[in-house]
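**Student:** File name start08.pdb; file contents PDB, C-alpha atoms; full text below.
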ATOM      1  CA  MET V   1      15.636 246.061-152.813
ATOM      2  CA  SER V   2      14.715 244.793-156.289
ATOM      3  CA  LYS V   3      12.497 246.929-158.474
ATOM      4  CA  ILE V   4       8.792 246.203-158.716
ATOM      5  CA  ASN V   5       7.898 244.741-162.114
ATOM      6  CA  VAL V   6       4.828 246.328-163.687
ATOM      7  CA  PHE V   7       2.814 245.284-166.716
ATOM      8  CA  VAL V   8       0.670 247.914-168.462
ATOM      9  CA  VAL V   9      -2.559 247.101-170.314
ATOM     10  CA  GLU V  10      -3.802 250.149-172.219
ATOM     11  CA  ASP V  11      -5.253 250.317-175.749
ATOM     12  CA  GLU V  12      -4.327 253.958-176.382
ATOM     13  CA  SER V  13      -0.660 253.878-177.419
ATOM     14  CA  ILE V  14       0.056 257.488-176.403
ATOM     15  CA  VAL V  15      -1.484 256.963-172.964
ATOM     16  CA  SER V  16       0.381 253.660-172.574
ATOM     17  CA  LYS V  17       3.724 255.303-173.375
ATOM     18  CA  ASP V  18       2.977 258.117-170.941
ATOM     19  CA  ILE V  19       2.191 255.608-168.169
ATOM     20  CA  GLN V  20       5.358 253.638-168.873
ATOM     21  CA  ASN V  21       7.495 256.789-168.798
ATOM     22  CA  SER V  22       5.953 257.778-165.476
ATOM     23  CA  LEU V  23       6.599 254.328-164.021
ATOM     24  CA  ASN V  24      10.235 254.373-165.134
ATOM     25  CA  LYS V  25      10.663 257.869-163.725
ATOM     26  CA  ILE V  26       9.298 256.803-160.344
ATOM     27  CA  GLY V  27      11.641 253.816-160.263
ATOM     28  CA  TYR V  28       9.527 250.861-161.336
ATOM     29  CA  ASN V  29      10.485 248.313-163.971
ATOM     30  CA  VAL V  30       8.050 248.013-166.883
ATOM     31  CA  VAL V  31       8.295 244.398-168.069
ATOM     32  CA  GLY V  32       5.751 244.704-170.858
ATOM     33  CA  SER V  33       2.593 246.220-172.233
ATOM     34  CA  ALA V  34      -0.398 245.183-174.313
ATOM     35  CA  SER V  35      -3.307 246.911-176.012
ATOM     36  CA  SER V  36      -5.771 244.002-176.008
ATOM     37  CA  GLY V  37      -7.019 241.576-173.409
ATOM     38  CA  GLU V  38      -5.932 238.512-175.355
ATOM     39  CA  LYS V  39      -2.381 239.786-175.873
ATOM     40  CA  ALA V  40      -2.228 240.948-172.269
ATOM     41  CA  LEU V  41      -3.017 237.473-170.909
ATOM     42  CA  GLU V  42      -0.480 235.865-173.216
ATOM     43  CA  ASN V  43       2.335 238.179-172.124
ATOM     44  CA  ILE V  44       1.366 238.317-168.434
ATOM     45  CA  ARG V  45       1.594 234.528-168.215
ATOM     46  CA  ILE V  46       5.126 234.764-169.622
ATOM     47  CA  GLU V  47       6.395 237.792-167.700
ATOM     48  CA  GLN V  48       4.732 237.051-164.323
ATOM     49  CA  PRO V  49       4.871 240.718-163.191
ATOM     50  CA  ASP V  50       4.507 241.861-159.583
ATOM     51  CA  ILE V  51       1.518 244.035-160.451
ATOM     52  CA  ILE V  52      -0.674 244.964-163.434
ATOM     53  CA  LEU V  53      -2.088 248.346-164.393
ATOM     54  CA  MET V  54      -5.234 247.534-166.343
ATOM     55  CA  ASP V  55      -7.416 249.846-168.401
ATOM     56  CA  ILE V  56     -11.032 248.763-167.938
ATOM     57  CA  MET V  57     -12.164 249.683-171.444
ATOM     58  CA  LEU V  58     -10.190 247.701-174.031
ATOM     59  CA  LYS V  59     -10.799 247.109-177.714
ATOM     60  CA  GLY V  60     -11.593 243.559-178.723
ATOM     61  CA  SER V  61     -13.629 240.722-177.243
ATOM     62  CA  MET V  62     -12.157 241.027-173.741
ATOM     63  CA  ASN V  63     -12.300 244.117-171.560
ATOM     64  CA  GLY V  64     -10.052 244.802-168.588
ATOM     65  CA  ILE V  65     -12.530 243.293-166.134
ATOM     66  CA  ASP V  66     -12.545 240.001-168.063
ATOM     67  CA  VAL V  67      -8.753 239.885-168.025
ATOM     68  CA  ALA V  68      -8.541 240.792-164.332
ATOM     69  CA  GLU V  69     -10.948 237.986-163.433
ATOM     70  CA  ILE V  70      -8.748 235.416-165.192
ATOM     71  CA  VAL V  71      -5.605 236.866-163.627
ATOM     72  CA  LYS V  72      -7.145 236.613-160.149
ATOM     73  CA  ASN V  73      -8.204 232.997-160.602
ATOM     74  CA  GLU V  74      -5.132 231.690-162.412
ATOM     75  CA  LEU V  75      -2.147 233.858-161.541
ATOM     76  CA  GLU V  76      -2.981 235.676-158.294
ATOM     77  CA  ILE V  77      -1.248 238.853-159.457
ATOM     78  CA  PRO V  78      -2.628 242.116-158.044
ATOM     79  CA  VAL V  79      -4.449 244.340-160.539
ATOM     80  CA  ILE V  80      -5.061 248.077-160.384
ATOM     81  CA  PHE V  81      -7.702 249.415-162.757
ATOM     82  CA  LEU V  82      -7.119 252.494-164.870
ATOM     83  CA  THR V  83     -10.314 254.143-165.966
ATOM     84  CA  ALA V  84     -11.837 257.382-167.149
ATOM     85  CA  TYR V  85     -15.259 255.949-166.326
ATOM     86  CA  ALA V  86     -16.154 256.153-162.647
ATOM     87  CA  ASP V  87     -19.874 255.558-163.047
ATOM     88  CA  GLU V  88     -21.580 253.176-160.644
ATOM     89  CA  SER V  89     -22.317 250.542-163.283
ATOM     90  CA  THR V  90     -18.667 250.247-164.356
ATOM     91  CA  LEU V  91     -17.388 250.112-160.775
ATOM     92  CA  SER V  92     -19.958 247.472-159.829
ATOM     93  CA  LYS V  93     -18.778 245.222-162.644
ATOM     94  CA  ALA V  94     -15.140 245.870-161.762
ATOM     95  CA  LYS V  95     -15.637 244.847-158.126
ATOM     96  CA  ILE V  96     -16.269 241.245-159.163
ATOM     97  CA  SER V  97     -12.597 240.735-160.027
ATOM     98  CA  GLU V  98     -11.538 242.180-156.641
ATOM     99  CA  PRO V  99      -8.935 244.672-157.885
ATOM    100  CA  TYR V 100      -6.339 246.159-155.547
ATOM    101  CA  GLY V 101      -7.275 249.715-156.475
ATOM    102  CA  TYR V 102      -8.575 252.202-159.012
ATOM    103  CA  ILE V 103      -6.788 255.092-160.635
ATOM    104  CA  LEU V 104      -8.959 257.640-162.409
ATOM    105  CA  LYS V 105      -7.694 259.254-165.598
ATOM    106  CA  PRO V 106      -6.112 261.730-165.839
ATOM    107  CA  PHE V 107      -3.780 260.940-162.951
ATOM    108  CA  LYS V 108      -0.523 262.177-161.463
ATOM    109  CA  GLU V 109       2.668 260.230-160.809
ATOM    110  CA  ILE V 110       1.960 260.310-157.088
ATOM    111  CA  ASP V 111      -1.363 258.571-157.776
ATOM    112  CA  LEU V 112       0.468 255.773-159.560
ATOM    113  CA  GLN V 113       3.090 255.379-156.851
ATOM    114  CA  THR V 114       0.654 255.468-153.950
ATOM    115  CA  SER V 115      -1.722 252.974-155.538
ATOM    116  CA  ILE V 116       1.061 250.566-156.524
ATOM    117  CA  GLU V 117       2.776 250.637-153.145
ATOM    118  CA  MET V 118      -0.497 250.083-151.301
ATOM    119  CA  ALA V 119      -1.477 247.235-153.611
ATOM    120  CA  ILE V 120       1.899 245.485-153.277
ATOM    121  CA  TYR V 121       1.760 245.826-149.486
ATOM    122  CA  LYS V 122      -1.790 244.458-149.322
ATOM    123  CA  HIS V 123      -0.944 241.556-151.617
ATOM    124  CA  LYS V 124       2.112 240.567-149.544
ATOM    125  CA  LYS V 125       0.040 240.687-146.364
ATOM    126  CA  GLU V 126      -2.621 238.470-147.919
ATOM    127  CA  GLN V 127       0.014 235.981-149.089
ATOM    128  CA  THR V 128       1.474 235.855-145.583
ATOM    129  CA  ILE V 129      -1.960 235.181-144.095
ATOM    130  CA  VAL V 130      -2.611 232.411-146.632
ATOM    131  CA  LYS V 131       0.767 230.781-145.881
ATOM    132  CA  GLU V 132       0.129 230.941-142.135
ATOM    133  CA  ARG V 133      -3.358 229.486-142.616
ATOM    134  CA  ASP V 134      -2.054 226.662-144.815
ATOM    135  CA  TYR V 135       0.707 225.966-142.299
ATOM    136  CA  LEU V 136      -1.781 225.723-139.444
ATOM    137  CA  TYR V 137      -4.027 223.472-141.525
ATOM    138  CA  SER V 138      -1.064 221.222-142.266
ATOM    139  CA  ILE V 139      -0.244 220.987-138.556
ATOM    140  CA  VAL V 140      -3.823 220.054-137.714
ATOM    141  CA  ASP V 141      -3.971 217.561-140.565
ATOM    142  CA  ASN V 142      -0.684 216.010-139.521
ATOM    143  CA  LYS V 143      -1.839 215.721-135.911
ATOM    144  CA  GLU V 144      -5.020 214.036-137.054
ATOM    145  CA  ARG V 145      -3.026 211.506-139.037
ATOM    146  CA  LEU V 146      -0.647 210.899-136.130
ATOM    147  CA  HIS V 147      -3.590 210.281-133.824
ATOM    148  CA  ASP V 148      -4.704 207.378-136.009
ATOM    149  CA  PHE V 149      -2.064 205.140-134.438
ATOM    150  CA  ILE V 150       0.534 204.910-131.697
ATOM    151  CA  PHE V 151       3.575 202.727-131.082
ATOM    152  CA  VAL V 152       3.832 200.738-127.849
ATOM    153  CA  LYS V 153       6.826 198.840-126.544
ATOM    154  CA  SER V 154       6.214 195.119-126.251
ATOM    155  CA  ASN V 155       8.925 192.495-125.622
ATOM    156  CA  SER V 156      11.760 194.863-126.521
ATOM    157  CA  LYS V 157      10.168 195.924-129.792
ATOM    158  CA  LEU V 158       7.842 198.719-130.918
ATOM    159  CA  VAL V 159       4.418 197.579-132.047
ATOM    160  CA  LYS V 160       2.153 199.779-134.160
ATOM    161  CA  LEU V 161      -1.294 199.968-132.570
ATOM    162  CA  ASN V 162      -4.301 201.397-134.388
ATOM    163  CA  CYS V 163      -6.141 203.734-132.011
ATOM    164  CA  LYS V 164      -9.477 202.368-133.258
ATOM    165  CA  ASP V 165      -8.564 199.000-131.694
ATOM    166  CA  ILE V 166      -8.108 200.458-128.211
ATOM    167  CA  TYR V 167     -10.970 199.876-125.778
ATOM    168  CA  PHE V 168      -9.670 201.427-122.579
ATOM    169  CA  ILE V 169      -6.514 202.390-120.709
ATOM    170  CA  GLU V 170      -6.073 201.601-117.042
ATOM    171  CA  ALA V 171      -3.645 203.189-114.582
ATOM    172  CA  LEU V 172      -1.511 200.743-112.571
ATOM    173  CA  LYS V 173       0.867 202.532-110.184
ATOM    174  CA  ASP V 174       3.781 203.742-112.367
ATOM    175  CA  TYR V 175       2.437 201.948-115.423
ATOM    176  CA  VAL V 176      -0.597 202.068-117.695
ATOM    177  CA  VAL V 177      -2.269 199.116-119.374
ATOM    178  CA  ILE V 178      -3.632 199.606-122.895
ATOM    179  CA  ASN V 179      -6.466 197.167-123.555
ATOM    180  CA  THR V 180      -7.671 195.999-126.958
ATOM    181  CA  ILE V 181     -10.275 193.288-127.532
ATOM    182  CA  ASP V 182      -7.683 190.512-127.217
ATOM    183  CA  THR V 183      -4.390 192.070-126.081
ATOM    184  CA  ARG V 184      -3.006 194.032-123.130
ATOM    185  CA  TYR V 185       0.072 196.256-123.424
ATOM    186  CA  THR V 186       1.704 197.368-120.172
ATOM    187  CA  ILE V 187       3.947 200.397-120.575
ATOM    188  CA  HIS V 188       5.790 202.758-118.259
ATOM    189  CA  SER V 189       3.846 206.009-118.583
ATOM    190  CA  THR V 190       1.288 208.263-116.892
ATOM    191  CA  MET V 191      -2.384 208.816-117.613
ATOM    192  CA  LYS V 192      -1.678 212.492-118.315
ATOM    193  CA  ASP V 193       0.887 211.585-120.971
ATOM    194  CA  ILE V 194      -1.484 209.041-122.512
ATOM    195  CA  GLU V 195      -4.266 211.663-122.667
ATOM    196  CA  LEU V 196      -1.990 214.058-124.535
ATOM    197  CA  LYS V 197      -0.865 211.431-127.042
ATOM    198  CA  LEU V 198      -4.336 210.020-127.753
ATOM    199  CA  GLY V 199      -6.061 213.407-127.939
ATOM    200  CA  SER V 200      -9.500 214.354-126.692
ATOM    201  CA  VAL V 201     -11.598 213.721-129.806
ATOM    202  CA  ASP V 202     -11.983 209.938-129.681
ATOM    203  CA  PHE V 203     -11.000 209.304-126.078
ATOM    204  CA  VAL V 204     -12.275 210.577-122.728
ATOM    205  CA  ARG V 205     -11.076 210.117-119.199
ATOM    206  CA  ILE V 206     -13.925 208.767-117.058
ATOM    207  CA  HIS V 207     -12.003 208.141-113.846
ATOM    208  CA  ARG V 208      -8.580 208.947-112.439
ATOM    209  CA  SER V 209      -7.667 205.347-113.341
ATOM    210  CA  PHE V 210      -9.496 204.907-116.669
ATOM    211  CA  ILE V 211      -9.536 206.378-120.177
ATOM    212  CA  ILE V 212     -12.001 204.894-122.658
ATOM    213  CA  ARG V 213     -12.605 205.150-126.387
ATOM    214  CA  LEU V 214     -15.972 206.825-126.933
ATOM    215  CA  ASP V 215     -17.168 204.623-129.782
ATOM    216  CA  LYS V 216     -16.586 201.484-127.697
ATOM    217  CA  ILE V 217     -19.209 202.425-125.081
ATOM    218  CA  ALA V 218     -22.113 199.952-125.014
ATOM    219  CA  THR V 219     -24.160 201.131-122.030
ATOM    220  CA  ILE V 220     -23.982 203.740-119.308
ATOM    221  CA  GLU V 221     -25.606 203.195-115.940
ATOM    222  CA  TYR V 222     -24.161 205.706-113.534
ATOM    223  CA  PRO V 223     -21.847 205.359-111.746
ATOM    224  CA  ASN V 224     -20.579 202.717-114.202
ATOM    225  CA  LEU V 225     -20.389 201.971-117.916
ATOM    226  CA  SER V 226     -19.700 198.889-120.014
ATOM    227  CA  LEU V 227     -17.875 198.549-123.303
ATOM    228  CA  GLU V 228     -18.759 196.620-126.438
ATOM    229  CA  ASN V 229     -17.534 193.013-126.508
ATOM    230  CA  ASN V 230     -16.141 193.463-123.024
ATOM    231  CA  LYS V 231     -17.778 192.285-119.817
ATOM    232  CA  LYS V 232     -15.707 194.585-117.639
ATOM    233  CA  SER V 233     -17.680 197.331-115.881
ATOM    234  CA  LEU V 234     -15.742 200.598-115.490
ATOM    235  CA  PRO V 235     -16.444 203.246-112.839
ATOM    236  CA  ILE V 236     -17.285 206.858-113.748
ATOM    237  CA  GLY V 237     -15.662 209.329-111.384
ATOM    238  CA  GLY V 238     -17.846 212.190-110.195
ATOM    239  CA  SER V 239     -15.440 214.872-111.428
ATOM    240  CA  PHE V 240     -15.321 213.267-114.907
ATOM    241  CA  LYS V 241     -19.078 212.823-115.415
ATOM    242  CA  ASP V 242     -19.705 216.238-116.983
ATOM    243  CA  ASP V 243     -16.892 215.786-119.512
ATOM    244  CA  LEU V 244     -18.294 212.410-120.525
ATOM    245  CA  ASN V 245     -21.816 213.805-120.891
ATOM    246  CA  ALA V 246     -20.497 216.627-123.062
ATOM    247  CA  LYS V 247     -18.892 214.195-125.509
ATOM    248  CA  ILE V 248     -21.621 211.599-125.955
ATOM    249  CA  LYS V 249     -24.559 212.215-128.269
ATOM    250  CA  LEU V 250     -27.550 212.081-125.962
ATOM    251  CA  LEU V 251     -31.126 211.917-127.274
TER     252      LEU V 251
END
What does this structure look like when you write it as structure tokens?
**Tutor:**
Amino acid sequence: MSKINVFVVEDESIVSKDIQNSLNKIGYNVVGSASSGEKALENIRIEQPDIILMDIMLKGSMNGIDVAEIVKNELEIPVIFLTAYADESTLSKAKISEPYGYILKPFKEIDLQTSIEMAIYKHKKEQTIVKERDYLYSIVDNKERLHDFIFVKSNSKLVKLNCKDIYFIEALKDYVVINTIDTRYTIHSTMKDIELKLGSVDFVRIHRSFIIRLDKIATIEYPNLSLENNKKSLPIGGSFKDDLNAKIKLL
């Protein structure tokens, strides 16, 4: 396993050296250090460490909390605060940057190791969750795009059909007929397969023999409905009525 790369931000040179020696002794790799917030940001962007040990109180225009906030927003590197000040006011300000831990000075080597290992573990878990979330979002987004159109076989060729142009689908023995305003496509399929491919957001099955596009409904007069620009009256099956009612916006 590769060593964990640590960057140390501490404005007291003696304390910084002591921390670096402790980290090396434990088995971590110190990739750099800085005594000011400005220098820390410059070097952290270059080194891209696995974790940062950050003193809250730094000399100069930027304190450790300021630096940690930028690191969180830009670099997503976990930060552990080092501080001799555990008062409520300091901790409240530090919480804003969402650090991965606090180590109070003076501290022992075991404090360093425990805090670093816990922070690295938490950060990896969070990254995994984010990747899984983004992957799921991409699947949903891709499905939504795929549901915008389908391909139907017509005269030995595949024809791209925009789902918005579909009015209704009718079952016909071993075939289904996809109806648009001016065209009918007869394909060898089942209503169940058509339901799966079209999805349940824009389409609803109203009868064992009919699937309609919701935004094409003109009027409903149970047990029938009519579609826009289409004189055909379609039956509403009793077992499908509740599903239809659930999907239409009724005032």
**Student:** Between atom CA of Arg213 of chain V and atom CA of Asn245 of chain V, what is the spacing in Å?
**Tutor:**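 Atom CA of Asn245 of chain V sits 13.8 Å away from atom CA of Arg213 of chain V.
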**Student:** For Gly64 of chain V, which residue among V:Ser189, V:Ser97, V:Ser33, V:Asn43 is the nearest when counting only C-alpha atoms?
**Tutor:**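 That would be V:Ser97, the residue with the smallest distance to Gly64 of chain V.
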**Student:** Exactly which residues make up the result of the PyMOL selection byres ((chain V and resi 68-77) around 8) on this file, given as a list in words?
**Tutor:**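 Output from the PyMOL selection byres ((chain V and resi 68-77) around 8), applied to this file: Leu41, Arg45, Gln48, Pro49, Asp50, Ile51, Ile52, Met54, Gly64, Ile65, Asp66, Val67, Pro78, Val79, Ile96, Ser97, Glu98 and Pro99 of chain V.
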**Student:** Would you mind listing what lies within 7 Å of segment 102-106 of chain V as a ChimeraX atom specification, with only C-alpha atoms counted and same-chain residues fewer than 5 positions away left out?
**Tutor:** /V:80-84
**Student:** Which residues fall under the PyMOL selection byres ((chain V and resi 6) around 9) in this file, as an NGL selection string?
**Tutor:** :V and (4-5 or 7-8 or 20 or 23 or 28-33 or 49-53)
**Student:** Would you please work out which residue, of V:Gly101, V:Arg208, V:Asp193, V:Gly238, is nearest to His123 of chain V when using all atoms listed in the file?
**Tutor:**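 Residue with the minimum atom-to-atom distance to His123 of chain V: V:Gly101.
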**Student:** Mind telling me what the PyMOL selection byres ((chain V and resi 199) around 12) catches here, as a PDB file with C-alpha atoms, in the coordinates of the input?
**Tutor:**
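See result_32.pdb below for the written result:
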ATOM      1  CA  LYS V 143      -1.839 215.721-135.911  1.00  0.00           C
ATOM      2  CA  GLU V 144      -5.020 214.036-137.054  1.00  0.00           C
ATOM      3  CA  ARG V 145      -3.026 211.506-139.037  1.00  0.00           C
ATOM      4  CA  LEU V 146      -0.647 210.899-136.130  1.00  0.00           C
ATOM      5  CA  HIS V 147      -3.590 210.281-133.824  1.00  0.00           C
ATOM      6  CA  ASP V 148      -4.704 207.378-136.009  1.00  0.00           C
ATOM      7  CA  PHE V 149      -2.064 205.140-134.438  1.00  0.00           C
ATOM      8  CA  ILE V 150       0.534 204.910-131.697  1.00  0.00           C
ATOM      9  CA  CYS V 163      -6.141 203.734-132.011  1.00  0.00           C
ATOM     10  CA  MET V 191      -2.384 208.816-117.613  1.00  0.00           C
ATOM     11  CA  LYS V 192      -1.678 212.492-118.315  1.00  0.00           C
ATOM     12  CA  ASP V 193       0.887 211.585-120.971  1.00  0.00           C
ATOM     13  CA  ILE V 194      -1.484 209.041-122.512  1.00  0.00           C
ATOM     14  CA  GLU V 195      -4.266 211.663-122.667  1.00  0.00           C
ATOM     15  CA  LEU V 196      -1.990 214.058-124.535  1.00  0.00           C
ATOM     16  CA  LYS V 197      -0.865 211.431-127.042  1.00  0.00           C
ATOM     17  CA  LEU V 198      -4.336 210.020-127.753  1.00  0.00           C
ATOM     18  CA  SER V 200      -9.500 214.354-126.692  1.00  0.00           C
ATOM     19  CA  VAL V 201     -11.598 213.721-129.806  1.00  0.00           C
ATOM     20  CA  ASP V 202     -11.983 209.938-129.681  1.00  0.00           C
ATOM     21  CA  PHE V 203     -11.000 209.304-126.078  1.00  0.00           C
ATOM     22  CA  VAL V 204     -12.275 210.577-122.728  1.00  0.00           C
ATOM     23  CA  ARG V 205     -11.076 210.117-119.199  1.00  0.00           C
ATOM     24  CA  ILE V 211      -9.536 206.378-120.177  1.00  0.00           C
ATOM     25  CA  ILE V 212     -12.001 204.894-122.658  1.00  0.00           C
ATOM     26  CA  ARG V 213     -12.605 205.150-126.387  1.00  0.00           C
ATOM     27  CA  LEU V 214     -15.972 206.825-126.933  1.00  0.00           C
TER      28      LEU V 214
END
**Student:** Using Å and a single decimal, report how far atom CA of Lys131 of chain V sits from atom CA of Ala119 of chain V.
**Tutor:** 18.3 Å
**Student:** Emit as lines of an AutoDock Vina configuration file the padded axis-aligned box for all listed atoms of segment 14-32 of chain V, 5 Å per side, with centre and edge lengths in Å to one decimal.
**Tutor:**
center_x = 5.1
center_y = 251.3
center_z = -168.3
size_x = 23.1
size_y = 23.7
size_z = 26.1
**Student:** Point out the residue among V:Ile19, V:Val9, V:Ile178, V:Ala246 with the least atom-to-atom distance to Lys39 of chain V, counting all atoms listed in the file.
**Tutor:**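 Closest to Lys39 of chain V of all the choices is V:Val9.
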**Student:** Which residue gives the smallest distance to Leu161 of chain V among V:Lys95, V:Lys173, V:Arg184, V:Arg133, with all atoms listed in the file counted?
**Tutor:**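 Ranked by minimum distance to Leu161 of chain V, first place goes to V:Arg184.
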**Student:** Tell me which of V:Val176, V:Leu58, V:Leu91, V:Leu244 sits closest to Val152 of chain V, counting all atoms listed in the file.
**Tutor:** V:Val176
**Student:** With all atoms listed in the file as the basis for distance, which of V:Ala94, V:Ile187, V:Ala171, V:Ile166 is at the shortest distance from Ile56 of chain V?
**Tutor:** V:Ala94
**Student:** How many Å separate atom CA of Ala34 of chain V from atom CA of Glu126 of chain V?
**Tutor:**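 If I compute the distance from atom CA of Ala34 of chain V to atom CA of Glu126 of chain V, I get 27.3 Å.
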